[in-house]
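Visitor: Quick one, target_3.csv (CSV, C-alpha atoms):
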```csv
chain,number,residue,atom,x,y,z
K,47,MET,CA,193.9,109.6,59.0
K,48,GLY,CA,191.2,110.7,56.6
K,49,ARG,CA,187.5,110.9,57.3
K,50,TRP,CA,186.7,108.1,55.0
K,51,GLU,CA,188.1,104.7,55.9
K,52,PRO,CA,187.2,101.9,53.4
K,53,GLY,CA,185.4,99.1,55.2
K,54,ALA,CA,185.9,100.7,58.6
K,55,ARG,CA,182.5,99.5,60.0
K,56,ASN,CA,183.3,95.9,59.0
K,57,ARG,CA,186.9,96.1,60.3
K,58,LEU,CA,185.7,97.5,63.6
K,59,ALA,CA,182.9,94.9,63.9
K,60,ILE,CA,185.3,92.0,63.3
K,61,ALA,CA,188.0,93.4,65.6
K,62,ALA,CA,185.3,93.9,68.3
K,63,LEU,CA,184.0,90.4,67.9
K,64,GLU,CA,187.5,88.9,68.3
K,65,LEU,CA,188.2,90.9,71.4
K,66,PHE,CA,184.8,90.2,73.0
K,67,ILE,CA,185.5,86.5,72.5
K,68,GLU,CA,189.1,86.7,73.8
K,69,ARG,CA,188.6,89.1,76.8
K,70,GLY,CA,184.9,89.4,77.3
K,71,TYR,CA,182.6,92.3,76.4
K,72,GLU,CA,183.0,94.2,79.6
K,73,ALA,CA,186.8,94.0,79.6
K,74,THR,CA,187.1,95.4,76.0
K,75,THR,CA,187.3,99.1,75.5
K,76,VAL,CA,186.6,101.2,72.4
K,77,ALA,CA,190.4,102.0,72.3
K,78,ASP,CA,191.1,98.3,72.2
K,79,ILE,CA,188.7,97.7,69.3
K,80,ALA,CA,190.1,100.7,67.3
K,81,ALA,CA,193.7,99.5,67.9
K,82,ARG,CA,192.9,95.9,66.8
K,83,ALA,CA,191.2,97.3,63.6
K,84,GLY,CA,194.2,99.6,62.9
K,85,LEU,CA,191.9,102.6,63.2
K,86,THR,CA,191.6,105.5,65.7
K,87,GLU,CA,189.0,106.0,68.4
K,88,ARG,CA,187.7,109.0,66.5
K,89,THR,CA,187.0,106.8,63.5
K,90,PHE,CA,185.2,104.4,65.8
K,91,TYR,CA,182.9,107.1,67.1
K,92,ARG,CA,182.3,108.4,63.6
K,93,GLN,CA,180.9,105.0,62.8
K,94,PHE,CA,179.2,103.9,66.1
K,95,ALA,CA,177.6,105.8,69.0
K,96,ASP,CA,179.0,103.5,71.6
K,97,LYS,CA,180.6,100.1,72.2
K,98,ARG,CA,177.2,98.4,72.4
K,99,GLU,CA,176.5,99.4,68.7
K,100,VAL,CA,179.5,97.8,67.1
K,101,LEU,CA,178.0,94.4,66.6
K,102,PHE,CA,174.9,95.9,65.0
K,103,GLY,CA,176.4,96.7,61.6
K,104,ASP,CA,174.2,98.9,59.6
K,105,PRO,CA,170.7,98.5,60.9
K,106,GLU,CA,169.2,100.8,58.3
K,107,SER,CA,170.5,98.8,55.4
K,108,TYR,CA,169.4,95.6,57.2
K,109,ARG,CA,165.9,96.9,57.6
K,110,ALA,CA,165.9,98.2,54.0
K,111,THR,CA,166.6,94.6,52.8
K,112,PHE,CA,163.1,93.7,54.2
K,113,THR,CA,161.3,96.8,53.3
K,114,ASP,CA,162.7,97.2,49.7
K,115,ALA,CA,161.5,93.6,49.0
K,116,ILE,CA,158.0,94.5,50.3
K,117,THR,CA,157.9,97.7,48.2
K,118,ALA,CA,159.1,95.8,45.1
K,119,ALA,CA,156.6,93.0,45.4
K,120,PRO,CA,153.9,93.0,42.6
K,121,PRO,CA,150.9,95.3,43.3
K,122,GLU,CA,148.6,92.2,43.4
K,123,ALA,CA,150.7,90.4,46.1
K,124,THR,CA,149.0,90.0,49.4
K,125,PRO,CA,150.7,91.3,52.6
K,126,MET,CA,151.7,87.7,53.4
K,127,GLN,CA,153.2,87.2,49.9
K,128,ALA,CA,155.1,90.5,50.2
K,129,LEU,CA,156.3,89.3,53.6
K,130,ALA,CA,157.5,86.1,52.1
K,131,ALA,CA,159.5,88.1,49.6
K,132,ALA,CA,161.1,90.0,52.4
K,133,LEU,CA,162.1,86.9,54.3
K,134,THR,CA,163.8,85.5,51.1
K,135,ALA,CA,165.6,88.8,50.6
K,136,ALA,CA,166.7,88.9,54.3
K,137,GLY,CA,168.1,85.4,53.9
K,138,GLY,CA,170.2,86.7,51.0
K,139,TYR,CA,171.6,89.5,53.3
K,140,PHE,CA,173.3,86.8,55.4
K,141,VAL,CA,174.8,84.7,52.6
K,142,GLY,CA,178.4,84.1,53.5
K,143,ARG,CA,178.0,85.4,57.1
K,144,HIS,CA,177.3,82.2,58.9
K,145,PRO,CA,180.6,81.9,60.8
K,146,TYR,CA,180.4,85.6,61.9
K,147,ALA,CA,176.7,85.3,62.8
K,148,ARG,CA,177.4,82.2,65.0
K,149,GLN,CA,180.2,84.0,66.9
K,150,ARG,CA,178.3,87.2,67.2
K,151,ASN,CA,175.3,85.3,68.6
K,152,THR,CA,177.4,83.6,71.3
K,153,VAL,CA,178.7,87.0,72.4
K,154,ILE,CA,175.3,88.6,72.5
K,155,ALA,CA,173.7,85.7,74.4
K,156,ALA,CA,176.3,86.1,77.1
K,157,ASN,CA,175.8,89.9,77.6
K,158,PRO,CA,172.5,91.3,78.8
K,159,ALA,CA,173.4,94.8,77.5
K,160,LEU,CA,173.8,93.4,74.0
K,161,GLN,CA,170.6,91.3,74.3
K,162,GLU,CA,168.7,94.5,75.1
K,163,ARG,CA,170.1,96.3,72.1
K,164,GLU,CA,169.3,93.3,69.9
K,165,LEU,CA,165.6,93.3,71.1
K,166,VAL,CA,165.3,97.0,70.4
K,167,LYS,CA,166.6,96.4,66.8
K,168,ARG,CA,164.1,93.7,66.4
K,169,LEU,CA,161.3,96.0,67.5
K,170,HIS,CA,162.5,98.6,65.0
K,171,LEU,CA,162.6,96.0,62.3
K,172,THR,CA,159.0,95.0,63.0
K,173,GLU,CA,157.9,98.6,62.9
K,174,ALA,CA,159.7,99.1,59.6
K,175,VAL,CA,158.1,96.0,58.0
K,176,ALA,CA,154.6,97.1,59.3
K,177,ASP,CA,155.1,100.5,57.8
K,178,ALA,CA,156.2,99.1,54.4
K,179,LEU,CA,153.1,96.9,54.4
K,180,ARG,CA,150.9,99.9,55.2
K,181,SER,CA,152.5,101.8,52.4
K,182,ARG,CA,151.2,99.1,50.1
K,183,GLY,CA,147.7,99.7,51.3
K,184,ALA,CA,147.4,97.0,53.9
K,185,HIS,CA,145.0,97.7,56.7
K,186,ASP,CA,146.7,99.1,59.8
K,187,ALA,CA,146.1,96.1,62.1
K,188,THR,CA,146.8,93.5,59.3
K,189,ALA,CA,150.0,95.3,58.5
K,190,GLN,CA,151.1,95.2,62.2
K,191,LEU,CA,150.1,91.6,62.8
K,192,THR,CA,151.6,90.3,59.5
K,193,ALA,CA,154.9,92.2,60.4
K,194,GLU,CA,154.9,90.5,63.8
K,195,LEU,CA,154.4,87.1,62.2
K,196,GLY,CA,157.3,87.8,59.8
K,197,THR,CA,159.8,88.9,62.4
K,198,VAL,CA,158.9,86.0,64.7
K,199,ALA,CA,159.4,83.6,61.8
K,200,PHE,CA,162.7,85.2,60.8
K,201,HIS,CA,164.1,85.3,64.3
K,202,GLN,CA,163.1,81.7,65.1
K,203,ALA,CA,164.7,80.7,61.8
K,204,PHE,CA,167.8,82.7,62.6
K,205,ALA,CA,168.1,81.0,66.0
K,206,ARG,CA,168.0,77.6,64.3
K,207,TRP,CA,170.4,78.7,61.6
K,208,VAL,CA,173.1,79.9,64.0
K,209,ALA,CA,172.6,76.8,66.2
K,210,ARG,CA,173.7,74.6,63.3
K,211,ASP,CA,177.5,74.0,62.7
K,212,GLU,CA,177.0,73.9,59.0
K,213,ASP,CA,175.7,76.8,56.9
K,214,SER,CA,172.3,76.5,55.3
K,215,ASP,CA,169.8,78.6,53.3
K,216,LEU,CA,168.4,81.0,55.8
K,217,GLY,CA,165.8,82.4,53.5
K,218,ALA,CA,164.4,79.0,52.8
K,219,LEU,CA,164.5,78.2,56.5
K,220,ALA,CA,162.6,81.4,57.3
K,221,LEU,CA,159.8,80.5,54.8
K,222,ALA,CA,159.6,77.0,56.4
K,223,VAL,CA,159.3,78.5,59.9
K,224,LEU,CA,156.7,81.0,58.6
K,225,ASP,CA,154.7,77.9,57.4
K,226,GLU,CA,155.1,76.3,60.8
K,227,LEU,CA,153.9,79.5,62.4
K,228,ARG,CA,150.9,79.6,60.2
K,229,ALA,CA,150.1,75.9,61.0
K,230,ALA,CA,150.5,76.6,64.7
K,231,ALA,CA,148.1,79.6,64.3
K,232,ALA,CA,145.6,77.4,62.5
K,233,ALA,CA,145.7,74.5,65.0
I,179,MET,CA,162.4,100.5,110.0
I,180,GLY,CA,161.7,96.8,109.8
I,181,ARG,CA,162.7,94.4,107.1
I,182,TRP,CA,159.2,93.8,106.1
I,183,GLU,CA,157.2,96.8,104.8
I,184,PRO,CA,153.6,96.0,103.8
I,185,GLY,CA,153.0,96.9,100.2
I,186,ALA,CA,156.5,98.4,99.8
I,187,ARG,CA,156.8,97.3,96.2
I,188,ASN,CA,153.5,99.0,95.2
I,189,ARG,CA,154.2,102.1,97.2
I,190,LEU,CA,157.6,102.5,95.6
I,191,ALA,CA,156.2,101.8,92.1
I,192,ILE,CA,153.5,104.5,92.5
I,193,ALA,CA,155.9,107.0,94.0
I,194,ALA,CA,158.4,106.3,91.1
I,195,LEU,CA,155.7,106.8,88.5
I,196,GLU,CA,154.6,110.1,90.0
I,197,LEU,CA,158.2,111.4,90.1
I,198,PHE,CA,159.0,110.2,86.6
I,199,ILE,CA,156.0,112.1,85.3
I,200,GLU,CA,156.8,115.2,87.3
I,201,ARG,CA,160.5,115.4,86.8
I,202,GLY,CA,161.4,112.9,84.2
I,203,TYR,CA,163.1,109.5,84.6
I,204,GLU,CA,166.7,110.6,84.4
I,205,ALA,CA,166.2,113.4,86.9
I,206,THR,CA,164.7,111.2,89.5
I,207,THR,CA,166.9,109.3,92.0
I,208,VAL,CA,166.3,106.2,94.1
I,209,ALA,CA,166.5,108.5,97.2
I,210,ASP,CA,163.7,110.6,95.7
I,211,ILE,CA,161.5,107.6,95.2
I,212,ALA,CA,162.1,106.2,98.6
I,213,ALA,CA,161.4,109.5,100.3
I,214,ARG,CA,158.2,110.0,98.3
I,215,ALA,CA,157.0,106.5,99.3
I,216,GLY,CA,158.0,107.2,103.0
I,217,LEU,CA,160.5,104.4,102.9
I,218,THR,CA,164.3,104.2,103.1
I,219,GLU,CA,166.7,103.6,100.2
I,220,ARG,CA,167.7,100.3,101.9
I,221,THR,CA,164.0,99.2,101.6
I,222,PHE,CA,164.1,100.2,97.9
I,223,TYR,CA,167.2,98.1,97.3
I,224,ARG,CA,165.7,95.1,99.1
I,225,GLN,CA,162.8,95.3,96.6
I,226,PHE,CA,164.5,96.3,93.4
I,227,ALA,CA,168.0,95.8,91.9
I,228,ASP,CA,168.0,99.4,90.4
I,229,LYS,CA,165.9,102.3,89.3
I,230,ARG,CA,165.1,100.7,86.0
I,231,GLU,CA,163.3,97.8,87.8
I,232,VAL,CA,160.8,99.8,89.8
I,233,LEU,CA,158.1,100.0,87.1
I,234,PHE,CA,158.3,96.2,86.5
I,235,GLY,CA,156.4,95.2,89.6
I,236,ASP,CA,156.8,91.5,90.3
I,237,PRO,CA,157.7,89.8,87.0
I,238,GLU,CA,157.7,86.3,88.4
I,239,SER,CA,154.1,86.6,89.6
I,240,TYR,CA,153.1,88.2,86.3
I,241,ARG,CA,154.6,85.3,84.3
I,242,ALA,CA,153.0,82.9,86.7
I,243,THR,CA,149.6,84.3,85.8
I,244,PHE,CA,150.2,83.0,82.3
I,245,THR,CA,151.9,79.8,83.1
I,246,ASP,CA,149.6,78.7,86.0
I,247,ALA,CA,146.6,79.1,83.6
I,248,ILE,CA,148.4,76.9,81.0
I,249,THR,CA,149.2,74.3,83.6
I,250,ALA,CA,145.7,74.3,84.9
I,251,ALA,CA,144.1,73.9,81.5
I,252,PRO,CA,142.4,70.5,81.0
I,253,PRO,CA,144.7,67.8,79.8
I,254,GLU,CA,142.8,67.5,76.5
I,255,ALA,CA,143.2,71.3,75.7
I,256,THR,CA,145.4,72.0,72.7
I,257,PRO,CA,148.4,74.3,73.0
I,258,MET,CA,146.2,77.1,71.4
I,259,GLN,CA,143.4,76.5,73.9
I,260,ALA,CA,145.8,76.5,76.8
I,261,LEU,CA,147.2,79.8,75.4
I,262,ALA,CA,143.8,81.3,75.3
I,263,ALA,CA,143.3,80.4,78.9
I,264,ALA,CA,146.5,82.2,79.7
I,265,LEU,CA,145.5,85.4,77.9
I,266,THR,CA,142.2,85.5,79.8
I,267,ALA,CA,144.0,85.0,83.1
I,268,ALA,CA,146.5,87.8,82.1
I,269,GLY,CA,143.6,90.1,81.4
I,270,GLY,CA,142.4,89.4,85.0
I,271,TYR,CA,145.9,90.4,86.3
I,272,PHE,CA,145.3,94.0,85.0
I,273,VAL,CA,141.8,94.5,86.3
I,274,GLY,CA,141.7,97.8,88.1
I,275,ARG,CA,145.1,98.8,86.8
I,276,HIS,CA,144.1,100.8,83.7
I,277,PRO,CA,145.0,104.3,85.0
I,278,TYR,CA,148.4,103.1,86.3
I,279,ALA,CA,149.1,101.1,83.1
I,280,ARG,CA,148.4,104.1,80.9
I,281,GLN,CA,150.7,106.4,82.9
I,282,ARG,CA,153.4,103.7,83.1
I,283,ASN,CA,153.2,103.2,79.4
I,284,THR,CA,153.8,106.9,78.7
I,285,VAL,CA,156.9,106.9,80.9
I,286,ILE,CA,158.3,103.8,79.3
I,287,ALA,CA,157.7,105.0,75.8
I,288,ALA,CA,159.7,108.1,76.6
I,289,ASN,CA,162.8,106.3,78.0
I,290,PRO,CA,164.9,104.0,75.9
I,291,ALA,CA,166.4,102.4,79.0
I,292,LEU,CA,163.0,101.4,80.2
I,293,GLN,CA,161.9,100.2,76.7
I,294,GLU,CA,164.9,97.9,76.7
I,295,ARG,CA,163.9,96.5,80.0
I,296,GLU,CA,160.3,96.0,78.9
I,297,LEU,CA,161.5,94.1,75.8
I,298,VAL,CA,163.7,91.8,78.0
I,299,LYS,CA,160.7,91.1,80.2
I,300,ARG,CA,158.6,90.2,77.1
I,301,LEU,CA,161.3,87.8,76.0
I,302,HIS,CA,161.3,86.1,79.4
I,303,LEU,CA,157.5,85.9,79.3
I,304,THR,CA,157.6,84.2,75.9
I,305,GLU,CA,160.2,81.7,77.2
I,306,ALA,CA,158.1,81.0,80.3
I,307,VAL,CA,154.9,80.4,78.2
I,308,ALA,CA,156.8,78.1,75.8
I,309,ASP,CA,158.2,76.1,78.7
I,310,ALA,CA,154.7,75.8,80.2
I,311,LEU,CA,153.4,74.5,76.9
I,312,ARG,CA,156.3,72.0,76.6
I,313,SER,CA,155.6,70.8,80.1
I,314,ARG,CA,152.1,69.9,78.9
I,315,GLY,CA,153.7,67.8,76.2
I,316,ALA,CA,153.6,70.2,73.2
I,317,HIS,CA,156.3,69.6,70.6
I,318,ASP,CA,159.2,71.9,71.1
I,319,ALA,CA,158.7,74.0,67.9
I,320,THR,CA,154.9,74.1,68.4
I,321,ALA,CA,155.3,75.3,72.0
I,322,GLN,CA,157.8,78.0,70.9
I,323,LEU,CA,155.7,79.3,68.0
I,324,THR,CA,152.4,79.1,70.0
I,325,ALA,CA,154.0,81.1,72.8
I,326,GLU,CA,155.3,83.7,70.3
I,327,LEU,CA,151.7,84.0,68.9
I,328,GLY,CA,150.4,84.4,72.4
I,329,THR,CA,152.8,87.1,73.5
I,330,VAL,CA,152.4,89.0,70.2
I,331,ALA,CA,148.6,89.0,70.6
I,332,PHE,CA,148.8,90.0,74.3
I,333,HIS,CA,151.2,92.9,73.7
I,334,GLN,CA,149.2,94.2,70.7
I,335,ALA,CA,146.1,94.0,72.8
I,336,PHE,CA,147.8,95.7,75.6
I,337,ALA,CA,148.9,98.6,73.3
I,338,ARG,CA,145.3,99.1,72.2
I,339,TRP,CA,144.0,98.8,75.8
I,340,VAL,CA,146.4,101.5,77.1
I,341,ALA,CA,145.7,103.7,74.1
I,342,ARG,CA,142.0,104.0,75.1
I,343,ASP,CA,140.9,106.6,77.6
I,344,GLU,CA,138.3,104.3,79.0
I,345,ASP,CA,139.0,101.0,80.7
I,346,SER,CA,137.9,97.8,78.9
I,347,ASP,CA,138.3,94.0,79.2
I,348,LEU,CA,141.9,93.3,78.4
I,349,GLY,CA,141.4,89.5,78.4
I,350,ALA,CA,138.6,89.7,75.9
I,351,LEU,CA,140.7,92.1,73.8
I,352,ALA,CA,143.7,89.7,73.8
I,353,LEU,CA,141.5,86.9,72.6
I,354,ALA,CA,140.1,89.1,69.8
I,355,VAL,CA,143.6,90.1,68.7
I,356,LEU,CA,144.7,86.4,68.8
I,357,ASP,CA,141.8,85.7,66.4
I,358,GLU,CA,143.0,88.6,64.2
I,359,LEU,CA,146.5,87.2,64.3
I,360,ARG,CA,145.3,83.8,63.3
I,361,ALA,CA,143.3,85.3,60.5
I,362,ALA,CA,146.4,87.3,59.3
I,363,ALA,CA,148.4,84.0,59.4
I,364,ALA,CA,145.7,82.2,57.3
I,365,ALA,CA,145.4,85.0,54.7
```
Just give me the structure as structure tokens.
Guide:
Amino acid sequence: MGRWEPGARNRLAIAALELFIERGYEATTVADIAARAGLTERTFYRQFADKREVLFGDPESYRATFTDAITAAPPEATPMQALAAALTAAGGYFVGRHPYARQRNTVIAANPALQERELVKRLHLTEAVADALRSRGAHDATAQLTAELGTVAFHQAFARWVARDEDSDLGALALAVLDELRAAAAA
Amino acid sequence: MGRWEPGARNRLAIAALELFIERGYEATTVADIAARAGLTERTFYRQFADKREVLFGDPESYRATFTDAITAAPPEATPMQALAAALTAAGGYFVGRHPYARQRNTVIAANPALQERELVKRLHLTEAVADALRSRGAHDATAQLTAELGTVAFHQAFARWVARDEDSDLGALALAVLDELRAAAAA
């Protein structure tokens, strides 16, 4: 089996999600996941450091969705405007992924080890957003706090989005939650 | 050795911190920690589920510092005013603990397993603060977002507080960061 497997990350993630739902996270092995995906364990470990990673897709490209939008915002955009562009772009990242996201969320909520990993990824996202805002010239503390507001808004919106049976526009929801957050801050 | 050991949690936490600094987190065993504290491993496991828990003191009493202040705020206080009371109370919780907090922070920053545990504790704190605000009659989303603002402000303030060589008033710093956060949200 060659070094390059088209779509291997996605196939492994989907296979893992199926198995975690069928058998539970603890009872599923990397060998099981690879077999379900029709790939080898070696291919799994070329893609992911361990079983905990398999539901976390490609965190760098996920973070880049936010940071590229911040970088691409017009020079005159305020940090808050650049943040809003990032939330819209992040909504686009999840278009078509609502069924997967809902199942994935159920598995993560049931497994403390996965919840921990999820929280670490959120911290890294906040740091990446803050760095992107700093690179635009935002003051250090402003960049950090604006990034915190953005990731809080996005994750609250995400929680509402996956709680709904029907798909909806995650980017628009994130902007609405950001407005709610700003109203709560102003109260 | 009796079931009740006065100050066992504190003694174990201080012993663990010393050993983590001297030898590293991975190289330190529960047996090492108990021996350094002059206690048995059984006493350790009566106090903490595992080695990862030893630097997390008494999370329930820590969360209660926030939630008791929210509950005790005057009935006419807004969610934001009740939150401010919680931040002040939480500052009081850390009075006299600056040297310990600084060392603990260094150890946690160096160990991914401890960082993960820290993030989970933060999530639980946010949930507890949101629940306390809901119990006062705050609207569900308002309670959640106000709690998020509060824990972001507190943890940002905490990061600045432990970064300073000299002790300072953490409660006052948390209120100042909350004001910065509100200004960032209004920008």
Visitor: Show me which bits of chain K are within 10 Å of chain I, counting only C-alpha atoms, as a PDB file with C-alpha atoms, in the frame of the given file.
Guide:
```pdb
ATOM      1  CA  THR K 124     149.000  90.000  49.400  1.00  0.00           C
ATOM      2  CA  PRO K 125     150.700  91.300  52.600  1.00  0.00           C
ATOM      3  CA  MET K 126     151.700  87.700  53.400  1.00  0.00           C
ATOM      4  CA  GLN K 127     153.200  87.200  49.900  1.00  0.00           C
ATOM      5  CA  PRO K 158     172.500  91.300  78.800  1.00  0.00           C
ATOM      6  CA  ALA K 159     173.400  94.800  77.500  1.00  0.00           C
ATOM      7  CA  GLN K 161     170.600  91.300  74.300  1.00  0.00           C
ATOM      8  CA  GLU K 162     168.700  94.500  75.100  1.00  0.00           C
ATOM      9  CA  ARG K 163     170.100  96.300  72.100  1.00  0.00           C
ATOM     10  CA  GLU K 164     169.300  93.300  69.900  1.00  0.00           C
ATOM     11  CA  LEU K 165     165.600  93.300  71.100  1.00  0.00           C
ATOM     12  CA  VAL K 166     165.300  97.000  70.400  1.00  0.00           C
ATOM     13  CA  ARG K 168     164.100  93.700  66.400  1.00  0.00           C
ATOM     14  CA  LEU K 169     161.300  96.000  67.500  1.00  0.00           C
ATOM     15  CA  ALA K 187     146.100  96.100  62.100  1.00  0.00           C
ATOM     16  CA  THR K 188     146.800  93.500  59.300  1.00  0.00           C
ATOM     17  CA  ALA K 189     150.000  95.300  58.500  1.00  0.00           C
ATOM     18  CA  GLN K 190     151.100  95.200  62.200  1.00  0.00           C
ATOM     19  CA  LEU K 191     150.100  91.600  62.800  1.00  0.00           C
ATOM     20  CA  THR K 192     151.600  90.300  59.500  1.00  0.00           C
ATOM     21  CA  ALA K 193     154.900  92.200  60.400  1.00  0.00           C
ATOM     22  CA  GLU K 194     154.900  90.500  63.800  1.00  0.00           C
ATOM     23  CA  LEU K 195     154.400  87.100  62.200  1.00  0.00           C
ATOM     24  CA  GLY K 196     157.300  87.800  59.800  1.00  0.00           C
ATOM     25  CA  VAL K 198     158.900  86.000  64.700  1.00  0.00           C
ATOM     26  CA  ALA K 199     159.400  83.600  61.800  1.00  0.00           C
ATOM     27  CA  GLN K 202     163.100  81.700  65.100  1.00  0.00           C
ATOM     28  CA  VAL K 223     159.300  78.500  59.900  1.00  0.00           C
ATOM     29  CA  LEU K 224     156.700  81.000  58.600  1.00  0.00           C
ATOM     30  CA  ASP K 225     154.700  77.900  57.400  1.00  0.00           C
ATOM     31  CA  GLU K 226     155.100  76.300  60.800  1.00  0.00           C
ATOM     32  CA  LEU K 227     153.900  79.500  62.400  1.00  0.00           C
ATOM     33  CA  ARG K 228     150.900  79.600  60.200  1.00  0.00           C
ATOM     34  CA  ALA K 229     150.100  75.900  61.000  1.00  0.00           C
ATOM     35  CA  ALA K 230     150.500  76.600  64.700  1.00  0.00           C
ATOM     36  CA  ALA K 231     148.100  79.600  64.300  1.00  0.00           C
ATOM     37  CA  ALA K 232     145.600  77.400  62.500  1.00  0.00           C
ATOM     38  CA  ALA K 233     145.700  74.500  65.000  1.00  0.00           C
TER      39      ALA K 233
END
```
Visitor: Any idea what the distance is between atom CA of Tyr278 of chain I and atom CA of Glu305 of chain I?
Guide: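 Going from atom CA of Tyr278 of chain I over to atom CA of Glu305 of chain I covers 26.1 Å.
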Visitor: Please indicate the distance in Å from atom CA of Arg312 of chain I to atom CA of Ala262 of chain I, rounded to one decimal place.
Guide: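 Between atom CA of Arg312 of chain I and atom CA of Ala262 of chain I the gap works out to 15.6 Å.
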Visitor: Within 6 Å of (161.8, 92.9, 50.9), in the coordinates the file gives, what residues turn up when you count all atoms listed in the file, written out as number ranges by chain?
Guide: K: 111-116, 131-132, 135
Visitor: Of the candidates K:Glu106, K:Asp213, K:Glu122, K:Asp186, which shows the shortest atom-to-atom distance to Leu171 of chain K, using all atoms listed in the file?
Guide: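 When distances to Leu171 of chain K are compared using all atoms listed in the file, the smallest one comes from K:Glu106.
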Visitor: So how many Å separate atom CA of Asp210 of chain I and atom CA of Ala194 of chain I, to one decimal?
Guide: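 A separation of 8.2 Å between them.
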Visitor: Taking all atoms listed in the file into account, name the residue in I:Ala186, I:Asn289, I:Thr249, I:His302 that is nearest to Leu217 of chain I.
Guide: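 Distance minimum relative to Leu217 of chain I lands on I:Ala186.
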Visitor: What lies within 12 Å of Lys97 of chain K using all atoms listed in the file, ignoring chain neighbours under 6 positions off, as a ChimeraX atom specification?
Guide: /K:58-59,61-63,65-66,71-80,87,90-91,103,159-160,163
Visitor: Using only C-alpha atoms, please write the residues we just selected to a file, as a JSON list (two decimals), in the coordinates of the input.
Guide:
```json
[["chain", "number", "residue", "atom", "x", "y", "z"],
["K", 58, "LEU", "CA", 185.70, 97.50, 63.60],
["K", 59, "ALA", "CA", 182.90, 94.90, 63.90],
["K", 61, "ALA", "CA", 188.00, 93.40, 65.60],
["K", 62, "ALA", "CA", 185.30, 93.90, 68.30],
["K", 63, "LEU", "CA", 184.00, 90.40, 67.90],
["K", 65, "LEU", "CA", 188.20, 90.90, 71.40],
["K", 66, "PHE", "CA", 184.80, 90.20, 73.00],
["K", 71, "TYR", "CA", 182.60, 92.30, 76.40],
["K", 72, "GLU", "CA", 183.00, 94.20, 79.60],
["K", 73, "ALA", "CA", 186.80, 94.00, 79.60],
["K", 74, "THR", "CA", 187.10, 95.40, 76.00],
["K", 75, "THR", "CA", 187.30, 99.10, 75.50],
["K", 76, "VAL", "CA", 186.60, 101.20, 72.40],
["K", 77, "ALA", "CA", 190.40, 102.00, 72.30],
["K", 78, "ASP", "CA", 191.10, 98.30, 72.20],
["K", 79, "ILE", "CA", 188.70, 97.70, 69.30],
["K", 80, "ALA", "CA", 190.10, 100.70, 67.30],
["K", 87, "GLU", "CA", 189.00, 106.00, 68.40],
["K", 90, "PHE", "CA", 185.20, 104.40, 65.80],
["K", 91, "TYR", "CA", 182.90, 107.10, 67.10],
["K", 103, "GLY", "CA", 176.40, 96.70, 61.60],
["K", 159, "ALA", "CA", 173.40, 94.80, 77.50],
["K", 160, "LEU", "CA", 173.80, 93.40, 74.00],
["K", 163, "ARG", "CA", 170.10, 96.30, 72.10]]
```
Visitor: With all atoms listed in the file as the atoms that count, which of K:Ile60, K:Ala174, K:Ala209, K:Ile154 lies nearest to Gly84 of chain K?
Guide: K:Ile60
Visitor: Restricting the calculation to only C-alpha atoms, which member of K:Thr89, K:Asn56, K:Ser181, K:Ser107 is positioned closest to Ala136 of chain K?
Guide: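 Closest candidate: K:Ser107.
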Visitor: Smallest atom-to-atom distance to Lys167 of chain K: which of K:Val141, K:Leu179, K:Leu101, K:Ala205, using only C-alpha atoms?
Guide: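 Ranking K:Val141, K:Leu179, K:Leu101, K:Ala205 by distance to Lys167 of chain K, first place goes to K:Leu101.
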Visitor: Taking the partial coordinates given, rebuild segment 288-297 of chain I to contain N, CA and C atoms; return it as a short mmCIF file (atom, residue, chain, number, x, y, z; two decimals), keeping the file's coordinate frame.
Guide:
```
data_model
loop_
_atom_site.label_atom_id
_atom_site.label_comp_id
_atom_site.auth_asym_id
_atom_site.auth_seq_id
_atom_site.Cartn_x
_atom_site.Cartn_y
_atom_site.Cartn_z
N ALA I 288 158.82 106.96 76.66
CA ALA I 288 159.70 108.10 76.60
C ALA I 288 161.13 107.84 76.97
N ASN I 289 161.43 106.63 77.45
CA ASN I 289 162.80 106.30 78.00
C ASN I 289 163.34 105.05 77.41
N PRO I 290 164.33 105.19 76.51
CA PRO I 290 164.90 104.00 75.90
C PRO I 290 165.38 102.94 76.89
N ALA I 291 165.95 103.36 78.02
CA ALA I 291 166.40 102.40 79.00
C ALA I 291 165.28 101.53 79.51
N LEU I 292 164.12 102.16 79.70
CA LEU I 292 163.00 101.40 80.20
C LEU I 292 162.35 100.55 79.08
N GLN I 293 162.37 101.06 77.85
CA GLN I 293 161.90 100.20 76.70
C GLN I 293 162.68 98.97 76.60
N GLU I 294 164.00 99.08 76.75
CA GLU I 294 164.90 97.90 76.70
C GLU I 294 164.47 96.88 77.72
N ARG I 295 164.30 97.39 78.95
CA ARG I 295 163.90 96.50 80.00
C ARG I 295 162.59 95.79 79.75
N GLU I 296 161.67 96.57 79.21
CA GLU I 296 160.30 96.00 78.90
C GLU I 296 160.48 94.89 77.83
N LEU I 297 161.33 95.10 76.84
CA LEU I 297 161.50 94.10 75.80
C LEU I 297 162.13 92.80 76.38
#
```
